[in-house]
Amino acid sequence: MGERQRCGGGAVFRTTSGRVRGRAAGDGVVAVLGIPYAAAPFGVRRFREPEPARAWAGVRDGTAFGPVAPQSAELPGSPVWRPGDEDVLSVNVWVPERAAGGALPVFFWIHGGAYTFGSSAQPDFDGTALARAGLVVVSCNYRVGFEGFGRVSGFPDNRGLLDQVAALCWVRENIAVFGGDPGNVTVAGHSAGGGSVACLMAMERARGLFRRAIAHSVPSAFHTVGLAAAVAERIAAVAGVAPTAEGLLSVSPEALVSASDEVAAGCGSDPVTAVEAFDPVLFQPVVEGEVLAADPLRVLASGAARGVDLLVCHTVEEYWFLHAVGAVREVASEAELAHFAKALGLPARLVDDYRSLMPGAPVLDRYLAIFGDARFGEYTTRLAEQHARAGGRAYLARFARRRGAARPWHTADIPFAFGNLAAVGADFLIGGAPDDHDRALSRRMLRSWVGFAATGDPGWPAVTAGTTPVLSWAVPGDHLAADDTSAPRALWRDIRFDPLCPGQVGGRRSRGLPDT
């Protein structure tokens, strides 16, 4: 146990590595930012498992976010990575100044970004509102892109996931100092962060580090060792080195970011797999049998994570956002749509089914609907269903809020749940300035996160072995269906998911684990 004190006008907390001073975040919340949870993963530590952070003397300043991991993205309100930034493994903590008494539930946030970019400093991830509602909020930076998920022979895969485990270990050892309960931790994330949450539920190394999990828009995308190696070979070739540990270690982080970006940009005409011609995401968690033994959907179906409560959510028009930001290939003809379905391993009849489901809709809209359901919606929903059938407690929600031209698309739900509708960049996600209905929806979503983190109950019925209750977040009011009998779900009933097949849907069965 450590101590909390006042020093020089700010709250000071004594962690296992040293003392750190936070700052007032407003509304009775203290923010302590940029705390190292592991040593800088460069030099002799590059491509290795995270190592403990070095202790420091005196009081460390914790009033600014730490550097982000190597990436080329420039995100609104977030620091930009610059060559030479090395202390990229840090956590941020938001804590109420005056807790009501007793240890508070802990909410641990993992940012998204296609396992390639992202930052805990993004304004819509600010933890002030959640802390004000009674949680101790923690967010972390972790290695992304090649540094975190690139295949390097002789070094561990999934280094980004190992970073997250290290950050959770930091929480277990230090969060009591901040008023949090290390025995009541909820891991949460969206997109690649949601995928990370699913992976953590499936990982033996993470067992016992958290009690509950919240996963929004979980992508159905993972790599085999062979596919990860093929991606690494392509990147190494562009970087001008052999795809060996020696060759890759000789390339600077900046050069690997540049080479990765070049390979991704060329996927439209020369993809590593057929799927990447439509959505050029190079990095995914690698199912290599050690850090990640199997696809999380199959692990959850086996009951291995039944002791962890699960809350999942996805938006109903996920891929419209990715199209709006130019992240996916344009599809405008029936022939292109049929080619896309084949690339994903989908049955040809599914294209016809969506044509019937969306009469008069242009090809582009049907393409985005199929892609969103295949990549996010159906996989996220099945995580809850399989978890419940295996004896776990699971809840399902969908984000369906519409206002004018604003769609319920990928990431639009996050500013609502965090209570950050006025954050920099949120206006694009939610379609303009929020109105009273939006603010009321935000309060409801935030309460559900807080309630789930505190007690395991978000406020509506759990999924069972035979029924799938689903809450649709909407304005002016939400809708609760006692069982998910929506038309899109019916189209997917007989389609199996195997994210380890080249098409990622409709693939082979994994030995020793349930079918999904």
# chains A, B, ... in the order shown; residues from 1 in each chain; ligands from 1

$ select_by_dssp --residues "range 102-315 of chain A" --states "strand (DSSP E)" --output "PyMOL selection string"
chain A and resi 104-110+136-140+180-190+212-216+309-315

$ closest_atom_pairs --of "range 48-160 of chain A" --to "range 207-218 of chain A" --cutoff "12 Å" --atoms "only C-alpha atoms" --output "tab-separated table"
residue	atom	partner	partner_atom	distance
A:Pro105	CA	A:Arg211	CA	10.2
A:Val106	CA	A:Phe210	CA	9.2
A:Phe107	CA	A:Ala213	CA	9.3
A:Phe108	CA	A:Phe210	CA	9.1
A:Trp109	CA	A:Ile214	CA	9.2
A:Ile110	CA	A:Ala215	CA	9.7
A:His111	CA	A:His216	CA	10.8
A:Gly112	CA	A:Ser217	CA	9.9
A:Gly113	CA	A:Ser217	CA	11.8
A:Ala114	CA	A:Val218	CA	10.8

$ write_last_selection --atoms "all heavy atoms" --output "PDB file, in the first residue's frame"
ATOM      1  N   PRO A 105     -14.690   0.847  -7.725  1.00  0.00           N
ATOM      2  CA  PRO A 105     -14.482  -0.002  -8.897  1.00  0.00           C
ATOM      3  C   PRO A 105     -13.500   0.658  -9.852  1.00  0.00           C
ATOM      4  O   PRO A 105     -13.443   1.894  -9.970  1.00  0.00           O
ATOM      5  CB  PRO A 105     -15.870  -0.111  -9.522  1.00  0.00           C
ATOM      6  CG  PRO A 105     -16.825   0.303  -8.450  1.00  0.00           C
ATOM      7  CD  PRO A 105     -16.090   1.281  -7.588  1.00  0.00           C
ATOM      8  N   VAL A 106     -12.738  -0.154 -10.571  1.00  0.00           N
ATOM      9  CA  VAL A 106     -11.717   0.338 -11.502  1.00  0.00           C
ATOM     10  C   VAL A 106     -12.154   0.054 -12.933  1.00  0.00           C
ATOM     11  O   VAL A 106     -12.572  -1.061 -13.256  1.00  0.00           O
ATOM     12  CB  VAL A 106     -10.355  -0.333 -11.228  1.00  0.00           C
ATOM     13  CG1 VAL A 106      -9.294   0.163 -12.217  1.00  0.00           C
ATOM     14  CG2 VAL A 106      -9.921  -0.070  -9.795  1.00  0.00           C
ATOM     15  N   PHE A 107     -12.035   1.064 -13.770  1.00  0.00           N
ATOM     16  CA  PHE A 107     -12.399   0.970 -15.189  1.00  0.00           C
ATOM     17  C   PHE A 107     -11.126   1.181 -16.001  1.00  0.00           C
ATOM     18  O   PHE A 107     -10.526   2.251 -15.963  1.00  0.00           O
ATOM     19  CB  PHE A 107     -13.441   2.047 -15.512  1.00  0.00           C
ATOM     20  CG  PHE A 107     -13.916   2.070 -16.937  1.00  0.00           C
ATOM     21  CD1 PHE A 107     -15.023   1.338 -17.332  1.00  0.00           C
ATOM     22  CD2 PHE A 107     -13.274   2.857 -17.887  1.00  0.00           C
ATOM     23  CE1 PHE A 107     -15.479   1.382 -18.641  1.00  0.00           C
ATOM     24  CE2 PHE A 107     -13.719   2.905 -19.203  1.00  0.00           C
ATOM     25  CZ  PHE A 107     -14.821   2.166 -19.577  1.00  0.00           C
ATOM     26  N   PHE A 108     -10.697   0.143 -16.720  1.00  0.00           N
ATOM     27  CA  PHE A 108      -9.411   0.153 -17.434  1.00  0.00           C
ATOM     28  C   PHE A 108      -9.685   0.205 -18.933  1.00  0.00           C
ATOM     29  O   PHE A 108     -10.206  -0.753 -19.512  1.00  0.00           O
ATOM     30  CB  PHE A 108      -8.624  -1.107 -17.070  1.00  0.00           C
ATOM     31  CG  PHE A 108      -7.272  -1.216 -17.729  1.00  0.00           C
ATOM     32  CD1 PHE A 108      -6.140  -0.733 -17.096  1.00  0.00           C
ATOM     33  CD2 PHE A 108      -7.130  -1.808 -18.976  1.00  0.00           C
ATOM     34  CE1 PHE A 108      -4.885  -0.837 -17.695  1.00  0.00           C
ATOM     35  CE2 PHE A 108      -5.892  -1.919 -19.586  1.00  0.00           C
ATOM     36  CZ  PHE A 108      -4.762  -1.431 -18.944  1.00  0.00           C
ATOM     37  N   TRP A 109      -9.328   1.320 -19.574  1.00  0.00           N
ATOM     38  CA  TRP A 109      -9.681   1.567 -20.978  1.00  0.00           C
ATOM     39  C   TRP A 109      -8.516   1.288 -21.921  1.00  0.00           C
ATOM     40  O   TRP A 109      -7.389   1.723 -21.683  1.00  0.00           O
ATOM     41  CB  TRP A 109     -10.131   3.012 -21.157  1.00  0.00           C
ATOM     42  CG  TRP A 109     -10.480   3.357 -22.581  1.00  0.00           C
ATOM     43  CD1 TRP A 109      -9.774   4.143 -23.445  1.00  0.00           C
ATOM     44  CD2 TRP A 109     -11.631   2.916 -23.298  1.00  0.00           C
ATOM     45  NE1 TRP A 109     -10.405   4.215 -24.653  1.00  0.00           N
ATOM     46  CE2 TRP A 109     -11.552   3.475 -24.606  1.00  0.00           C
ATOM     47  CE3 TRP A 109     -12.725   2.105 -22.990  1.00  0.00           C
ATOM     48  CZ2 TRP A 109     -12.528   3.248 -25.576  1.00  0.00           C
ATOM     49  CZ3 TRP A 109     -13.695   1.876 -23.959  1.00  0.00           C
ATOM     50  CH2 TRP A 109     -13.591   2.448 -25.228  1.00  0.00           C
ATOM     51  N   ILE A 110      -8.835   0.575 -23.035  1.00  0.00           N
ATOM     52  CA  ILE A 110      -7.864   0.270 -24.081  1.00  0.00           C
ATOM     53  C   ILE A 110      -8.336   0.919 -25.380  1.00  0.00           C
ATOM     54  O   ILE A 110      -9.420   0.585 -25.886  1.00  0.00           O
ATOM     55  CB  ILE A 110      -7.710  -1.249 -24.277  1.00  0.00           C
ATOM     56  CG1 ILE A 110      -7.332  -1.918 -22.948  1.00  0.00           C
ATOM     57  CG2 ILE A 110      -6.670  -1.555 -25.344  1.00  0.00           C
ATOM     58  CD1 ILE A 110      -7.380  -3.448 -23.010  1.00  0.00           C
ATOM     59  N   HIS A 111      -7.540   1.828 -25.921  1.00  0.00           N
ATOM     60  CA  HIS A 111      -7.951   2.539 -27.134  1.00  0.00           C
ATOM     61  C   HIS A 111      -7.933   1.623 -28.356  1.00  0.00           C
ATOM     62  O   HIS A 111      -7.263   0.595 -28.391  1.00  0.00           O
ATOM     63  CB  HIS A 111      -7.060   3.762 -27.374  1.00  0.00           C
ATOM     64  CG  HIS A 111      -5.650   3.432 -27.758  1.00  0.00           C
ATOM     65  ND1 HIS A 111      -5.294   2.992 -29.019  1.00  0.00           N
ATOM     66  CD2 HIS A 111      -4.489   3.492 -27.057  1.00  0.00           C
ATOM     67  CE1 HIS A 111      -3.991   2.797 -29.078  1.00  0.00           C
ATOM     68  NE2 HIS A 111      -3.474   3.082 -27.894  1.00  0.00           N
ATOM     69  N   GLY A 112      -8.669   2.029 -29.377  1.00  0.00           N
ATOM     70  CA  GLY A 112      -8.663   1.324 -30.651  1.00  0.00           C
ATOM     71  C   GLY A 112      -7.694   1.963 -31.630  1.00  0.00           C
ATOM     72  O   GLY A 112      -6.853   2.778 -31.265  1.00  0.00           O
ATOM     73  N   GLY A 113      -7.846   1.588 -32.922  1.00  0.00           N
ATOM     74  CA  GLY A 113      -6.988   2.135 -33.956  1.00  0.00           C
ATOM     75  C   GLY A 113      -6.404   1.085 -34.881  1.00  0.00           C
ATOM     76  O   GLY A 113      -5.266   1.223 -35.346  1.00  0.00           O
ATOM     77  N   ALA A 114      -7.183   0.017 -35.172  1.00  0.00           N
ATOM     78  CA  ALA A 114      -6.762  -1.013 -36.120  1.00  0.00           C
ATOM     79  C   ALA A 114      -5.433  -1.658 -35.729  1.00  0.00           C
ATOM     80  O   ALA A 114      -4.698  -2.126 -36.595  1.00  0.00           O
ATOM     81  CB  ALA A 114      -6.676  -0.441 -37.538  1.00  0.00           C
TER      82      ALA A 114
END

$ select_by_dssp --residues "range 357-446 of chain A" --states "alpha helix (DSSP H)" --output "PyMOL selection string"
chain A and resi 357+363-372+378-389+413-418+426-430+436-446

$ residues_around --residues "Ala426 in chain A" --least-positions-apart "4" --cutoff "10 Å" --atoms "only C-alpha atoms" --output "MDAnalysis selection string"
chainID A and resid 76 123:124 411:412 414:416 420:422 430:434

$ residues_around --residues "Ala198 in chain A" --least-positions-apart "6" --cutoff "10 Å" --atoms "only C-alpha atoms" --output "JSON, numbers by chain"
{"A": [187, 188, 189, 192, 213, 214, 215, 218, 219, 295, 296, 297, 299, 300, 305, 310, 380, 383]}

$ write_last_selection --atoms "all heavy atoms" --output "compact mmCIF listing (two decimals), in the first residue's frame"
# COMPACT_ATOMS: atom_id res chain seq x y z
N VAL A 187 -12.04 -4.34 -17.60
CA VAL A 187 -11.30 -3.92 -18.79
C VAL A 187 -12.32 -3.55 -19.86
O VAL A 187 -13.37 -4.20 -19.99
CB VAL A 187 -10.34 -5.01 -19.30
CG1 VAL A 187 -9.24 -5.28 -18.31
CG2 VAL A 187 -11.09 -6.29 -19.64
N ALA A 188 -12.03 -2.49 -20.61
CA ALA A 188 -12.97 -2.02 -21.61
C ALA A 188 -12.21 -1.48 -22.81
O ALA A 188 -11.08 -1.00 -22.68
CB ALA A 188 -13.87 -0.92 -21.02
N GLY A 189 -12.83 -1.55 -23.98
CA GLY A 189 -12.20 -1.01 -25.17
C GLY A 189 -13.16 -1.06 -26.34
O GLY A 189 -14.21 -1.71 -26.28
N ALA A 192 -10.19 -2.05 -32.14
CA ALA A 192 -9.03 -2.85 -31.77
C ALA A 192 -8.90 -2.97 -30.26
O ALA A 192 -8.40 -3.98 -29.74
CB ALA A 192 -7.76 -2.25 -32.37
N ALA A 213 -15.62 -7.29 -18.24
CA ALA A 213 -15.10 -6.82 -19.52
C ALA A 213 -16.20 -6.13 -20.31
O ALA A 213 -17.35 -6.60 -20.35
CB ALA A 213 -14.54 -8.00 -20.33
N ILE A 214 -15.85 -5.01 -20.92
CA ILE A 214 -16.75 -4.28 -21.82
C ILE A 214 -16.05 -4.19 -23.17
O ILE A 214 -14.93 -3.68 -23.26
CB ILE A 214 -17.06 -2.87 -21.29
CG1 ILE A 214 -17.77 -2.94 -19.94
CG2 ILE A 214 -17.90 -2.09 -22.29
CD1 ILE A 214 -17.96 -1.57 -19.28
N ALA A 215 -16.70 -4.69 -24.21
CA ALA A 215 -16.09 -4.71 -25.54
C ALA A 215 -17.06 -4.14 -26.56
O ALA A 215 -18.11 -4.73 -26.81
CB ALA A 215 -15.68 -6.13 -25.92
N VAL A 218 -16.19 -5.30 -31.63
CA VAL A 218 -15.05 -6.21 -31.64
C VAL A 218 -14.82 -6.73 -33.06
O VAL A 218 -15.73 -7.31 -33.66
CB VAL A 218 -15.28 -7.41 -30.70
CG1 VAL A 218 -14.05 -8.30 -30.67
CG2 VAL A 218 -15.63 -6.92 -29.29
N PRO A 219 -13.64 -6.53 -33.63
CA PRO A 219 -13.39 -6.99 -35.01
C PRO A 219 -13.13 -8.49 -35.07
O PRO A 219 -12.44 -9.05 -34.21
CB PRO A 219 -12.15 -6.20 -35.43
CG PRO A 219 -11.45 -5.90 -34.14
CD PRO A 219 -12.52 -5.75 -33.10
N ASP A 295 -8.63 -18.29 -31.27
CA ASP A 295 -9.56 -17.19 -31.50
C ASP A 295 -10.44 -17.00 -30.26
O ASP A 295 -11.00 -17.96 -29.74
CB ASP A 295 -10.40 -17.53 -32.74
CG ASP A 295 -11.75 -16.83 -32.78
OD1 ASP A 295 -11.84 -15.68 -32.33
OD2 ASP A 295 -12.70 -17.46 -33.28
N PRO A 296 -10.59 -15.78 -29.74
CA PRO A 296 -11.36 -15.56 -28.51
C PRO A 296 -12.79 -16.11 -28.56
O PRO A 296 -13.30 -16.56 -27.53
CB PRO A 296 -11.35 -14.04 -28.36
CG PRO A 296 -10.07 -13.62 -28.99
CD PRO A 296 -9.90 -14.54 -30.18
N LEU A 297 -13.42 -16.07 -29.72
CA LEU A 297 -14.79 -16.58 -29.80
C LEU A 297 -14.84 -18.06 -29.40
O LEU A 297 -15.73 -18.49 -28.66
CB LEU A 297 -15.35 -16.39 -31.20
CG LEU A 297 -16.80 -16.82 -31.42
CD1 LEU A 297 -17.74 -16.08 -30.49
CD2 LEU A 297 -17.21 -16.60 -32.88
N VAL A 299 -12.55 -19.61 -27.56
CA VAL A 299 -12.17 -19.74 -26.15
C VAL A 299 -13.38 -19.44 -25.26
O VAL A 299 -13.65 -20.17 -24.29
CB VAL A 299 -11.00 -18.81 -25.82
CG1 VAL A 299 -10.68 -18.87 -24.32
CG2 VAL A 299 -9.76 -19.21 -26.63
N LEU A 300 -14.12 -18.39 -25.56
CA LEU A 300 -15.30 -18.07 -24.77
C LEU A 300 -16.34 -19.18 -24.88
O LEU A 300 -16.99 -19.53 -23.89
CB LEU A 300 -15.90 -16.73 -25.20
CG LEU A 300 -15.44 -15.51 -24.39
CD1 LEU A 300 -13.94 -15.30 -24.49
CD2 LEU A 300 -16.18 -14.26 -24.84
N ALA A 305 -13.53 -18.63 -19.94
CA ALA A 305 -13.60 -17.29 -19.33
C ALA A 305 -14.93 -17.06 -18.63
O ALA A 305 -15.31 -15.90 -18.40
CB ALA A 305 -13.38 -16.22 -20.41
N LEU A 310 -19.39 -10.09 -19.00
CA LEU A 310 -19.12 -9.47 -20.29
C LEU A 310 -20.29 -8.60 -20.73
O LEU A 310 -21.44 -9.03 -20.72
CB LEU A 310 -18.86 -10.56 -21.34
CG LEU A 310 -18.66 -10.11 -22.79
CD1 LEU A 310 -17.42 -9.23 -22.92
CD2 LEU A 310 -18.58 -11.31 -23.72
N THR A 380 -19.30 -9.58 -32.59
CA THR A 380 -19.52 -9.01 -31.26
C THR A 380 -20.70 -9.68 -30.58
O THR A 380 -20.64 -10.06 -29.40
CB THR A 380 -19.75 -7.50 -31.35
OG1 THR A 380 -18.60 -6.88 -31.96
CG2 THR A 380 -19.99 -6.89 -29.99
N LEU A 383 -19.95 -13.25 -29.44
CA LEU A 383 -19.16 -13.32 -28.22
C LEU A 383 -20.07 -13.40 -26.99
O LEU A 383 -19.85 -14.21 -26.09
CB LEU A 383 -18.24 -12.10 -28.11
CG LEU A 383 -17.00 -12.07 -29.00
CD1 LEU A 383 -16.34 -10.70 -28.92
CD2 LEU A 383 -16.00 -13.17 -28.59

$ atom_distance --atom1 "CA of Phe155 in chain A" --atom2 "CA of Trp170 in chain A"
23.0 Å

$ residues_around --residues "range 393-396 of chain A" --least-positions-apart "4" --cutoff "6 Å" --atoms "only C-alpha atoms" --output "PyMOL selection string"
chain A and resi 309-313+384+388+462-463+470

$ closest_atom_pairs --of "range 119-150 of chain A" --to "range 6-25 of chain A" --cutoff "10 Å" --atoms "only C-alpha atoms" --output "CSV"
residue,atom,partner,partner_atom,distance
A:Asp126,CA,A:Ala25,CA,9.6
A:Gly127,CA,A:Ala25,CA,9.3
A:Thr128,CA,A:Ala25,CA,6.7
A:Ala129,CA,A:Ala25,CA,9.9
